[in-house]
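Asks: So I've got this file, query_19.cif, and it contains mmCIF, C-alpha atoms:
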```cif
data_upload
#
loop_
_atom_site.label_atom_id
_atom_site.label_comp_id
_atom_site.auth_asym_id
_atom_site.auth_seq_id
_atom_site.Cartn_x
_atom_site.Cartn_y
_atom_site.Cartn_z
CA MET A 25 74.24 1.94 -20.55
CA ILE A 26 70.90 1.28 -22.31
CA THR A 27 72.24 -1.69 -24.26
CA GLU A 28 73.83 -3.16 -21.14
CA ALA A 29 70.54 -2.78 -19.26
CA LEU A 30 68.71 -4.56 -22.09
CA VAL A 31 71.26 -7.40 -22.01
CA LEU A 32 70.84 -7.69 -18.23
CA SER A 33 67.07 -7.72 -18.68
CA ALA A 34 67.30 -10.49 -21.28
CA ILE A 35 69.55 -12.57 -19.02
CA LEU A 36 67.23 -12.17 -16.04
CA PHE A 37 64.20 -13.05 -18.16
CA VAL A 38 65.86 -16.22 -19.44
CA VAL A 39 66.92 -17.26 -15.93
CA GLY A 40 63.36 -16.65 -14.72
CA THR A 41 61.92 -18.72 -17.56
CA PHE A 42 64.33 -21.53 -16.75
CA GLY A 43 63.22 -21.41 -13.12
CA VAL A 44 59.55 -21.64 -14.06
CA LEU A 45 60.29 -24.63 -16.30
CA VAL A 46 62.53 -26.71 -14.03
CA ARG A 47 61.26 -26.12 -10.49
CA ARG A 48 58.38 -28.10 -9.00
CA ASN A 49 57.75 -25.96 -5.92
CA ALA A 50 54.78 -23.71 -6.74
CA ILE A 51 56.06 -20.84 -4.60
CA ILE A 52 59.47 -20.81 -6.28
CA MET A 53 57.83 -20.99 -9.71
CA PHE A 54 55.84 -17.96 -8.65
CA LEU A 55 59.01 -16.16 -7.54
CA CYS A 56 60.53 -16.90 -10.94
CA ILE A 57 57.47 -15.37 -12.63
CA GLU A 58 58.07 -12.25 -10.53
CA LEU A 59 61.65 -12.34 -11.75
CA GLN A 60 60.42 -12.36 -15.36
CA LEU A 61 58.12 -9.40 -14.66
CA ASN A 62 61.06 -7.54 -13.14
CA ALA A 63 63.24 -8.26 -16.15
CA VAL A 64 60.58 -6.74 -18.39
CA ASN A 65 60.36 -3.76 -16.02
CA LEU A 66 64.08 -3.22 -16.38
CA SER A 67 63.84 -3.26 -20.17
CA LEU A 68 60.93 -0.78 -20.03
CA VAL A 69 62.98 1.57 -17.86
CA ALA A 70 65.89 1.25 -20.28
CA PHE A 71 63.60 2.01 -23.23
CA SER A 72 62.26 5.05 -21.40
CA ARG A 73 65.78 6.47 -21.78
CA MET A 74 65.19 6.27 -25.54
CA TRP A 75 61.51 7.07 -26.03
CA GLY A 76 60.38 9.17 -23.07
CA ILE A 77 58.61 8.75 -19.76
CA ASP A 78 55.83 6.36 -20.89
CA GLY A 79 57.99 3.31 -20.21
CA GLN A 80 58.27 4.26 -16.56
CA ILE A 81 54.50 4.68 -16.33
CA PHE A 82 54.10 1.16 -17.69
CA VAL A 83 56.52 -0.11 -15.05
CA PHE A 84 54.30 1.50 -12.42
CA PHE A 85 51.28 -0.38 -13.77
CA VAL A 86 53.20 -3.64 -14.08
CA MET A 87 54.19 -3.39 -10.42
CA THR A 88 50.55 -2.86 -9.40
CA VAL A 89 49.41 -5.84 -11.44
CA ALA A 90 52.26 -7.92 -9.98
CA ALA A 91 51.12 -7.04 -6.46
CA ALA A 92 47.53 -8.04 -7.25
CA GLU A 93 48.71 -11.21 -8.95
CA ALA A 94 50.92 -12.14 -5.99
CA ALA A 95 48.03 -11.71 -3.56
CA VAL A 96 45.61 -13.85 -5.59
CA GLY A 97 48.21 -16.45 -6.58
CA LEU A 98 49.41 -16.95 -3.03
CA ALA A 99 45.80 -17.30 -1.87
CA ILE A 100 45.34 -20.03 -4.50
CA ILE A 101 48.53 -21.75 -3.32
CA ILE A 102 47.28 -21.63 0.28
CA SER A 103 43.92 -23.14 -0.60
CA ILE A 104 45.59 -25.84 -2.72
CA PHE A 105 47.95 -26.61 0.18
CA ARG A 106 44.92 -27.18 2.43
CA HIS A 107 43.68 -29.93 0.11
CA TYR A 108 46.91 -31.71 -0.81
CA GLU A 109 49.34 -30.82 2.03
CA THR A 110 52.00 -30.03 -0.59
CA VAL A 111 52.96 -27.28 -3.03
CA ASN A 112 54.65 -29.65 -5.47
CA VAL A 113 52.99 -28.90 -8.81
CA ASP A 114 53.34 -32.52 -10.01
CA SER A 115 50.76 -33.59 -7.45
CA PHE A 116 48.02 -31.25 -8.68
CA ASN A 117 46.10 -32.77 -11.60
CA LEU A 118 42.69 -31.24 -11.04
CA LEU A 119 42.62 -29.60 -14.47
CA LYS A 120 44.16 -32.52 -16.36
CA TRP A 121 41.87 -34.14 -18.91
CA MET B 23 82.29 5.06 -12.15
CA THR B 24 78.70 4.76 -13.32
CA SER B 25 79.39 1.80 -15.54
CA LEU B 26 81.44 0.16 -12.79
CA LEU B 27 78.43 0.50 -10.46
CA PHE B 28 76.18 -0.83 -13.19
CA TYR B 29 78.30 -3.95 -13.62
CA LEU B 30 78.34 -4.43 -9.84
CA PHE B 31 74.54 -4.26 -9.69
CA ALA B 32 74.20 -6.43 -12.80
CA GLY B 33 76.44 -9.10 -11.26
CA LEU B 34 74.45 -9.00 -8.03
CA ALA B 35 71.16 -9.25 -9.94
CA ILE B 36 72.28 -12.19 -12.07
CA GLY B 37 73.83 -13.98 -9.08
CA GLY B 38 70.62 -13.46 -7.13
CA ALA B 39 68.51 -14.72 -10.04
CA VAL B 40 70.60 -17.88 -10.35
CA GLY B 41 70.28 -18.27 -6.58
CA VAL B 42 66.48 -18.01 -6.83
CA VAL B 43 66.39 -20.83 -9.34
CA MET B 44 69.01 -23.05 -7.70
CA SER B 45 68.41 -22.61 -3.96
CA ARG B 46 67.00 -25.68 -2.26
CA SER B 47 64.99 -23.92 0.40
CA PRO B 48 62.10 -21.55 -0.43
CA VAL B 49 63.29 -19.02 2.15
CA GLY B 50 66.75 -19.05 0.55
CA SER B 51 65.17 -18.44 -2.85
CA LEU B 52 63.23 -15.56 -1.38
CA LEU B 53 66.31 -13.90 0.11
CA PHE B 54 68.16 -14.25 -3.20
CA MET B 55 65.13 -12.63 -4.85
CA VAL B 56 65.37 -9.69 -2.45
CA THR B 57 69.04 -9.33 -3.45
CA THR B 58 68.04 -9.29 -7.12
CA LEU B 59 65.30 -6.72 -6.52
CA ALA B 60 67.63 -4.44 -4.57
CA ALA B 61 70.29 -4.68 -7.27
CA MET B 62 67.68 -3.89 -9.91
CA ALA B 63 66.62 -0.85 -7.90
CA GLY B 64 70.26 0.21 -8.14
CA THR B 65 70.18 -0.13 -11.92
CA PHE B 66 66.94 1.89 -11.97
CA VAL B 67 68.77 4.70 -10.15
CA LEU B 68 71.58 4.52 -12.70
CA LEU B 69 68.95 4.81 -15.45
CA GLU B 70 67.60 7.96 -13.74
CA ALA B 71 64.31 6.32 -12.69
CA HIS B 72 64.53 7.38 -9.04
CA PHE B 73 60.85 7.07 -8.18
CA LEU B 74 60.69 3.55 -9.58
CA ALA B 75 63.80 2.58 -7.63
CA ALA B 76 62.12 3.69 -4.40
CA ILE B 77 58.90 1.88 -5.35
CA GLN B 78 60.91 -1.23 -6.25
CA ILE B 79 62.37 -1.35 -2.74
CA ILE B 80 59.21 -0.35 -0.86
CA VAL B 81 56.58 -2.31 -2.79
CA TYR B 82 58.52 -5.26 -4.21
CA ALA B 83 61.22 -6.00 -1.65
CA GLY B 84 59.18 -4.60 1.22
CA ALA B 85 55.61 -5.73 0.63
CA ILE B 86 55.38 -8.48 -2.00
CA MET B 87 58.41 -10.42 -0.75
CA VAL B 88 57.12 -10.22 2.84
CA LEU B 89 53.79 -11.59 1.57
CA PHE B 90 55.70 -14.52 0.03
CA LEU B 91 57.60 -14.97 3.29
CA PHE B 92 54.35 -15.06 5.28
CA VAL B 93 52.93 -17.71 2.96
CA ILE B 94 56.08 -19.85 3.20
CA MET B 95 55.89 -19.55 6.98
CA LEU B 96 52.17 -20.36 6.96
CA LEU B 97 52.61 -23.46 4.79
CA ASN B 98 55.37 -24.82 7.04
CA LEU B 99 57.50 -26.06 4.14
CA GLY B 100 60.65 -26.43 6.21
CA HIS B 101 61.00 -30.20 6.30
CA ASP B 102 60.22 -31.89 3.02
CA TYR B 103 62.74 -30.73 0.47
CA GLN B 104 62.21 -33.64 -1.83
CA LYS B 105 64.21 -33.26 -5.01
CA ASP B 106 62.62 -30.20 -6.45
CA LEU B 107 64.28 -29.85 -9.86
CA LYS B 108 62.76 -31.62 -12.82
CA GLY B 109 65.36 -33.77 -14.52
CA GLY B 110 65.93 -35.89 -17.66
CA ALA B 111 64.10 -35.08 -20.84
CA PHE B 112 62.30 -32.15 -19.23
CA ALA B 113 65.56 -30.40 -18.38
CA VAL B 114 66.74 -30.86 -21.98
CA ILE B 115 63.48 -29.39 -23.29
CA SER B 116 63.81 -26.51 -20.82
CA PHE B 117 67.32 -25.76 -22.05
CA ALA B 118 66.05 -25.84 -25.63
CA VAL B 119 63.22 -23.43 -24.79
CA ILE B 120 65.44 -20.94 -22.95
CA GLY B 121 68.03 -21.22 -25.71
CA LEU B 122 65.33 -20.30 -28.20
CA ILE B 123 64.16 -17.34 -26.09
CA ALA B 124 67.75 -16.19 -25.57
CA GLY B 125 68.35 -16.39 -29.31
CA VAL B 126 65.26 -14.34 -30.12
CA LEU B 127 66.17 -11.75 -27.48
CA ALA B 128 69.77 -11.52 -28.71
CA ARG B 129 68.51 -11.02 -32.27
CA GLN B 130 66.15 -8.25 -31.14
CA LEU B 131 68.94 -6.64 -29.14
CA GLY B 132 71.22 -6.68 -32.14
CA ALA B 133 68.50 -4.95 -34.16
CA SER B 134 67.60 -2.35 -31.52
CA GLY B 135 71.07 -1.56 -30.22
CA SER B 136 71.78 1.09 -32.82
CA VAL B 137 68.51 3.00 -32.26
CA ALA B 138 68.86 5.98 -29.96
CA GLY B 139 65.96 8.30 -29.25
CA ALA B 140 66.02 11.56 -27.34
CA GLY B 141 63.83 10.28 -24.49
CA GLY B 142 66.59 10.42 -21.91
CA ALA B 143 67.34 14.09 -22.59
CA GLU B 144 63.60 14.90 -22.44
CA ILE B 145 63.25 13.17 -19.08
CA ASP B 146 66.33 14.91 -17.70
CA ALA B 147 65.04 18.32 -18.79
CA ALA B 148 61.61 17.66 -17.27
CA THR B 149 63.24 16.40 -14.06
CA ALA B 150 65.22 19.60 -13.75
CA GLU B 151 62.00 21.56 -14.17
CA ILE B 152 59.35 19.71 -12.09
CA GLY B 153 61.32 17.11 -10.16
CA ALA B 154 61.66 13.34 -10.46
CA LEU B 155 58.25 12.71 -8.91
CA GLY B 156 56.48 15.26 -11.08
CA VAL B 157 57.86 13.64 -14.22
CA ILE B 158 55.98 10.43 -13.35
CA ALA B 159 52.94 12.04 -11.74
CA GLU B 160 52.10 14.48 -14.52
CA PRO B 161 51.34 11.89 -17.25
CA LEU B 162 49.94 9.47 -14.66
CA TYR B 163 47.17 11.89 -13.69
CA THR B 164 46.52 13.26 -17.17
CA THR B 165 47.18 10.92 -20.10
CA TYR B 166 47.00 7.70 -18.09
CA VAL B 167 44.31 8.64 -15.59
CA VAL B 168 41.80 6.01 -16.81
CA PRO B 169 44.25 3.08 -16.51
CA PHE B 170 45.27 4.51 -13.15
CA GLU B 171 41.69 4.38 -11.85
CA ILE B 172 41.17 0.91 -13.33
CA THR B 173 44.28 -0.18 -11.43
CA GLY B 174 42.52 0.87 -8.24
CA ILE B 175 39.56 -1.36 -9.12
CA LEU B 176 41.96 -4.18 -9.97
CA LEU B 177 43.56 -3.95 -6.53
CA LEU B 178 40.14 -3.99 -4.85
CA VAL B 179 39.11 -7.08 -6.83
CA ALA B 180 42.43 -8.73 -5.96
CA ILE B 181 41.90 -8.10 -2.24
CA VAL B 182 38.36 -9.53 -2.34
CA GLY B 183 39.50 -12.48 -4.47
CA ALA B 184 42.43 -13.29 -2.19
CA LEU B 185 40.19 -13.22 0.87
CA ALA B 186 37.54 -15.39 -0.80
CA LEU B 187 40.16 -17.92 -1.95
CA ALA B 188 42.10 -18.14 1.30
CA LYS B 189 39.11 -18.27 3.62
CA ARG B 190 38.41 -21.73 4.98
CA GLU B 191 34.69 -21.66 4.27
CA VAL B 192 33.19 -19.05 1.99
#
```
Could you express the structure from this file as structure tokens?
Replies:
Amino acid sequence: MITEALVLSAILFVVGTFGVLVRRNAIIMFLCIELQLNAVNLSLVAFSRMWGIDGQIFVFFVMTVAAAEAAVGLAIIISIFRHYETVNVDSFNLLKW
Amino acid sequence: MTSLLFYLFAGLAIGGAVGVVMSRSPVGSLLFMVTTLAAMAGTFVLLEAHFLAAIQIIVYAGAIMVLFLFVIMLLNLGHDYQKDLKGGAFAVISFAVIGLIAGVLARQLGASGSVAGAGGAEIDAATAEIGALGVIAEPLYTTYVVPFEITGILLLVAIVGALALAKREV
């Protein structure tokens, strides 16, 4: 069971990474980042079956940080959308040098 | 039975994840993501992490995904699905990168697969004694109480930051 969960976690992480790399829609990229966080959560839960409860505590903290990150990130996306009328990441080059 | 359920949830989770990446509409992506999160909550239950499974449904599928849904609704993205996937050389590079990550993860899995600690038995014994919630709460309020409090501050800062960023004029 633990090994299968780790394999599932690895697959989900890779799919999430692929999504971040190939999509242009900022919101979907953000969803894919959440998917990566969840994959890591799953592997932490699986490892807690090996090493004790600490893994589950970490998952708790990761979820809190993900909630905070979602709130701030979505606020950034909203304020960018006000300027450019799009969420396509190719059209933001404010930080490009 | 348990492993059958696990493979069911794993299939749902992977299908949902592929749907998130491949769906053309943001709302479709979001609903696939909810499927993935629910399936992962199922795997959490199978791994005896009952509290986290409940939190996964309530906080992730219930709160964070609804926040995403509100933002999609607010931004009115319904009409302009221009081709959203990056193509050409970038796709090739992406495949190379994820192939690399998959290789590293597979290597690590091969190395860690044989290790088996006694953590699961410890958790099960503690669950029988103080309950599934107590198992999480006891270290959270003793060993990890400082990170727990800092998390509270983090959430406060995130609320203030989100308001300041999303307000029209600060």
Asks: Give me, as an NGL selection string, the residues of chain A touching chain B, with the criterion being at most 6 Å (counting all atoms listed in the file).
Replies: :A and (38 or 43 or 46-48 or 73-76 or 92 or 95-96 or 99 or 103)
Asks: In Å, with one decimal, what is the gap from atom CA of A:Val44 to atom CA of A:Val111?
Replies: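 Between these atoms lies a distance of 14.0 Å.
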Asks: Excluding same-chain residues fewer than 5 positions from stretch 55-68 of chain A, what lies within 7 Å of it counting all atoms listed in the file, as an MDAnalysis selection string?
Replies: chainID A and resid 29:30 33:34 36:37 40:41 43:44 79:80 83
Asks: Could you check how far atom CA of B:Thr149 sits from atom CA of B:His72, in Å to one decimal?
Replies: 10.4 Å
Asks: Check the smallest atom-to-atom distance from each of A:Thr27, A:Thr88, A:Ile81, A:Leu45 to B:Thr164 using all atoms listed in the file, then report the winner.
Replies: A:Ile81
Asks: Rounded to one decimal in Å, what is the spacing between atom CA of A:Lys120 and atom CA of B:Ala118?
Replies: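 Separation between atom CA of A:Lys120 and atom CA of B:Ala118: 24.7 Å.
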Asks: Using the chain letters and residue numbers of this document, give as a PDB file with C-alpha atoms, in the frame of the given file the residues selected by the PyMOL selection byres ((chain A and resi 116) around 12).
Replies:
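Output saved as out.pdb:
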```
ATOM      1  CA  ARG A  48      58.380 -28.100  -9.000  1.00  0.00           C
ATOM      2  CA  ASN A  49      57.750 -25.960  -5.920  1.00  0.00           C
ATOM      3  CA  ALA A  50      54.780 -23.710  -6.740  1.00  0.00           C
ATOM      4  CA  ILE A 101      48.530 -21.750  -3.320  1.00  0.00           C
ATOM      5  CA  ILE A 104      45.590 -25.840  -2.720  1.00  0.00           C
ATOM      6  CA  PHE A 105      47.950 -26.610   0.180  1.00  0.00           C
ATOM      7  CA  HIS A 107      43.680 -29.930   0.110  1.00  0.00           C
ATOM      8  CA  TYR A 108      46.910 -31.710  -0.810  1.00  0.00           C
ATOM      9  CA  GLU A 109      49.340 -30.820   2.030  1.00  0.00           C
ATOM     10  CA  THR A 110      52.000 -30.030  -0.590  1.00  0.00           C
ATOM     11  CA  VAL A 111      52.960 -27.280  -3.030  1.00  0.00           C
ATOM     12  CA  ASN A 112      54.650 -29.650  -5.470  1.00  0.00           C
ATOM     13  CA  VAL A 113      52.990 -28.900  -8.810  1.00  0.00           C
ATOM     14  CA  ASP A 114      53.340 -32.520 -10.010  1.00  0.00           C
ATOM     15  CA  SER A 115      50.760 -33.590  -7.450  1.00  0.00           C
ATOM     16  CA  ASN A 117      46.100 -32.770 -11.600  1.00  0.00           C
ATOM     17  CA  LEU A 118      42.690 -31.240 -11.040  1.00  0.00           C
ATOM     18  CA  LEU A 119      42.620 -29.600 -14.470  1.00  0.00           C
ATOM     19  CA  LYS A 120      44.160 -32.520 -16.360  1.00  0.00           C
TER      20      LYS A 120
END
```
Asks: Put a box with edges along x, y and z around all the listed atoms of stretch 94-97 of chain A, pad it by 6 Å on each side, then give me its centre and sizes in Å, one decimal, as lines of an AutoDock Vina configuration file.
Replies:
```
center_x = 48.3
center_y = -14.1
center_z = -5.1
size_x = 17.3
size_y = 16.7
size_z = 15.0
```
Asks: Add whatever atoms are absent from stretch 79-108 of chain A to reach N, CA and C atoms, and provide the output as a PDB file, in the frame of the given file.
Replies:
```pdb
ATOM      1  N   GLY A  79      57.497   4.602 -20.691  1.00  0.00           N
ATOM      2  CA  GLY A  79      57.990   3.310 -20.210  1.00  0.00           C
ATOM      3  C   GLY A  79      57.941   3.215 -18.704  1.00  0.00           C
ATOM      4  N   GLN A  80      58.287   4.293 -18.022  1.00  0.00           N
ATOM      5  CA  GLN A  80      58.270   4.260 -16.560  1.00  0.00           C
ATOM      6  C   GLN A  80      56.855   4.170 -16.027  1.00  0.00           C
ATOM      7  N   ILE A  81      55.906   4.807 -16.739  1.00  0.00           N
ATOM      8  CA  ILE A  81      54.500   4.680 -16.330  1.00  0.00           C
ATOM      9  C   ILE A  81      54.058   3.226 -16.434  1.00  0.00           C
ATOM     10  N   PHE A  82      54.469   2.570 -17.524  1.00  0.00           N
ATOM     11  CA  PHE A  82      54.100   1.160 -17.690  1.00  0.00           C
ATOM     12  C   PHE A  82      54.680   0.326 -16.562  1.00  0.00           C
ATOM     13  N   VAL A  83      55.921   0.633 -16.157  1.00  0.00           N
ATOM     14  CA  VAL A  83      56.520  -0.110 -15.050  1.00  0.00           C
ATOM     15  C   VAL A  83      55.674   0.043 -13.798  1.00  0.00           C
ATOM     16  N   PHE A  84      55.183   1.255 -13.565  1.00  0.00           N
ATOM     17  CA  PHE A  84      54.300   1.500 -12.420  1.00  0.00           C
ATOM     18  C   PHE A  84      53.089   0.576 -12.470  1.00  0.00           C
ATOM     19  N   PHE A  85      52.461   0.476 -13.650  1.00  0.00           N
ATOM     20  CA  PHE A  85      51.280  -0.380 -13.770  1.00  0.00           C
ATOM     21  C   PHE A  85      51.649  -1.850 -13.617  1.00  0.00           C
ATOM     22  N   VAL A  86      52.789  -2.240 -14.187  1.00  0.00           N
ATOM     23  CA  VAL A  86      53.200  -3.640 -14.080  1.00  0.00           C
ATOM     24  C   VAL A  86      53.403  -4.018 -12.622  1.00  0.00           C
ATOM     25  N   MET A  87      53.991  -3.107 -11.845  1.00  0.00           N
ATOM     26  CA  MET A  87      54.190  -3.390 -10.420  1.00  0.00           C
ATOM     27  C   MET A  87      52.863  -3.569  -9.699  1.00  0.00           C
ATOM     28  N   THR A  88      51.864  -2.723 -10.035  1.00  0.00           N
ATOM     29  CA  THR A  88      50.550  -2.860  -9.400  1.00  0.00           C
ATOM     30  C   THR A  88      49.939  -4.209  -9.736  1.00  0.00           C
ATOM     31  N   VAL A  89      49.990  -4.568 -11.029  1.00  0.00           N
ATOM     32  CA  VAL A  89      49.410  -5.840 -11.440  1.00  0.00           C
ATOM     33  C   VAL A  89      50.157  -6.991 -10.777  1.00  0.00           C
ATOM     34  N   ALA A  90      51.495  -6.857 -10.627  1.00  0.00           N
ATOM     35  CA  ALA A  90      52.260  -7.920  -9.980  1.00  0.00           C
ATOM     36  C   ALA A  90      51.842  -8.069  -8.527  1.00  0.00           C
ATOM     37  N   ALA A  91      51.563  -6.948  -7.859  1.00  0.00           N
ATOM     38  CA  ALA A  91      51.120  -7.040  -6.460  1.00  0.00           C
ATOM     39  C   ALA A  91      49.784  -7.758  -6.373  1.00  0.00           C
ATOM     40  N   ALA A  92      48.831  -7.391  -7.256  1.00  0.00           N
ATOM     41  CA  ALA A  92      47.530  -8.040  -7.250  1.00  0.00           C
ATOM     42  C   ALA A  92      47.667  -9.518  -7.551  1.00  0.00           C
ATOM     43  N   GLU A  93      48.513  -9.833  -8.531  1.00  0.00           N
ATOM     44  CA  GLU A  93      48.710 -11.210  -8.950  1.00  0.00           C
ATOM     45  C   GLU A  93      49.344 -12.030  -7.827  1.00  0.00           C
ATOM     46  N   ALA A  94      50.284 -11.422  -7.098  1.00  0.00           N
ATOM     47  CA  ALA A  94      50.920 -12.140  -5.990  1.00  0.00           C
ATOM     48  C   ALA A  94      49.897 -12.449  -4.911  1.00  0.00           C
ATOM     49  N   ALA A  95      49.023 -11.473  -4.601  1.00  0.00           N
ATOM     50  CA  ALA A  95      48.030 -11.710  -3.560  1.00  0.00           C
ATOM     51  C   ALA A  95      47.110 -12.858  -3.942  1.00  0.00           C
ATOM     52  N   VAL A  96      46.562 -12.816  -5.174  1.00  0.00           N
ATOM     53  CA  VAL A  96      45.610 -13.850  -5.590  1.00  0.00           C
ATOM     54  C   VAL A  96      46.320 -15.196  -5.745  1.00  0.00           C
ATOM     55  N   GLY A  97      47.496 -15.193  -6.356  1.00  0.00           N
ATOM     56  CA  GLY A  97      48.210 -16.450  -6.580  1.00  0.00           C
ATOM     57  C   GLY A  97      48.579 -17.119  -5.280  1.00  0.00           C
ATOM     58  N   LEU A  98      49.044 -16.347  -4.309  1.00  0.00           N
ATOM     59  CA  LEU A  98      49.410 -16.950  -3.030  1.00  0.00           C
ATOM     60  C   LEU A  98      48.183 -17.475  -2.309  1.00  0.00           C
ATOM     61  N   ALA A  99      47.039 -16.771  -2.463  1.00  0.00           N
ATOM     62  CA  ALA A  99      45.800 -17.300  -1.870  1.00  0.00           C
ATOM     63  C   ALA A  99      45.439 -18.634  -2.498  1.00  0.00           C
ATOM     64  N   ILE A 100      45.616 -18.750  -3.832  1.00  0.00           N
ATOM     65  CA  ILE A 100      45.340 -20.030  -4.500  1.00  0.00           C
ATOM     66  C   ILE A 100      46.269 -21.109  -3.978  1.00  0.00           C
ATOM     67  N   ILE A 101      47.567 -20.753  -3.821  1.00  0.00           N
ATOM     68  CA  ILE A 101      48.530 -21.750  -3.320  1.00  0.00           C
ATOM     69  C   ILE A 101      48.131 -22.207  -1.923  1.00  0.00           C
ATOM     70  N   ILE A 102      47.699 -21.253  -1.076  1.00  0.00           N
ATOM     71  CA  ILE A 102      47.280 -21.630   0.280  1.00  0.00           C
ATOM     72  C   ILE A 102      46.098 -22.583   0.236  1.00  0.00           C
ATOM     73  N   SER A 103      45.104 -22.272  -0.618  1.00  0.00           N
ATOM     74  CA  SER A 103      43.920 -23.140  -0.600  1.00  0.00           C
ATOM     75  C   SER A 103      44.226 -24.491  -1.236  1.00  0.00           C
ATOM     76  N   ILE A 104      45.178 -24.536  -2.189  1.00  0.00           N
ATOM     77  CA  ILE A 104      45.590 -25.840  -2.720  1.00  0.00           C
ATOM     78  C   ILE A 104      46.332 -26.635  -1.641  1.00  0.00           C
ATOM     79  N   PHE A 105      47.180 -25.943  -0.874  1.00  0.00           N
ATOM     80  CA  PHE A 105      47.950 -26.610   0.180  1.00  0.00           C
ATOM     81  C   PHE A 105      47.011 -27.249   1.206  1.00  0.00           C
ATOM     82  N   ARG A 106      45.865 -26.611   1.460  1.00  0.00           N
ATOM     83  CA  ARG A 106      44.920 -27.180   2.430  1.00  0.00           C
ATOM     84  C   ARG A 106      44.401 -28.530   1.952  1.00  0.00           C
ATOM     85  N   HIS A 107      44.211 -28.670   0.627  1.00  0.00           N
ATOM     86  CA  HIS A 107      43.680 -29.930   0.110  1.00  0.00           C
ATOM     87  C   HIS A 107      44.748 -31.008   0.057  1.00  0.00           C
ATOM     88  N   TYR A 108      45.946 -30.667  -0.458  1.00  0.00           N
ATOM     89  CA  TYR A 108      46.910 -31.710  -0.810  1.00  0.00           C
ATOM     90  C   TYR A 108      48.081 -31.804   0.161  1.00  0.00           C
TER      91      TYR A 108
END
```
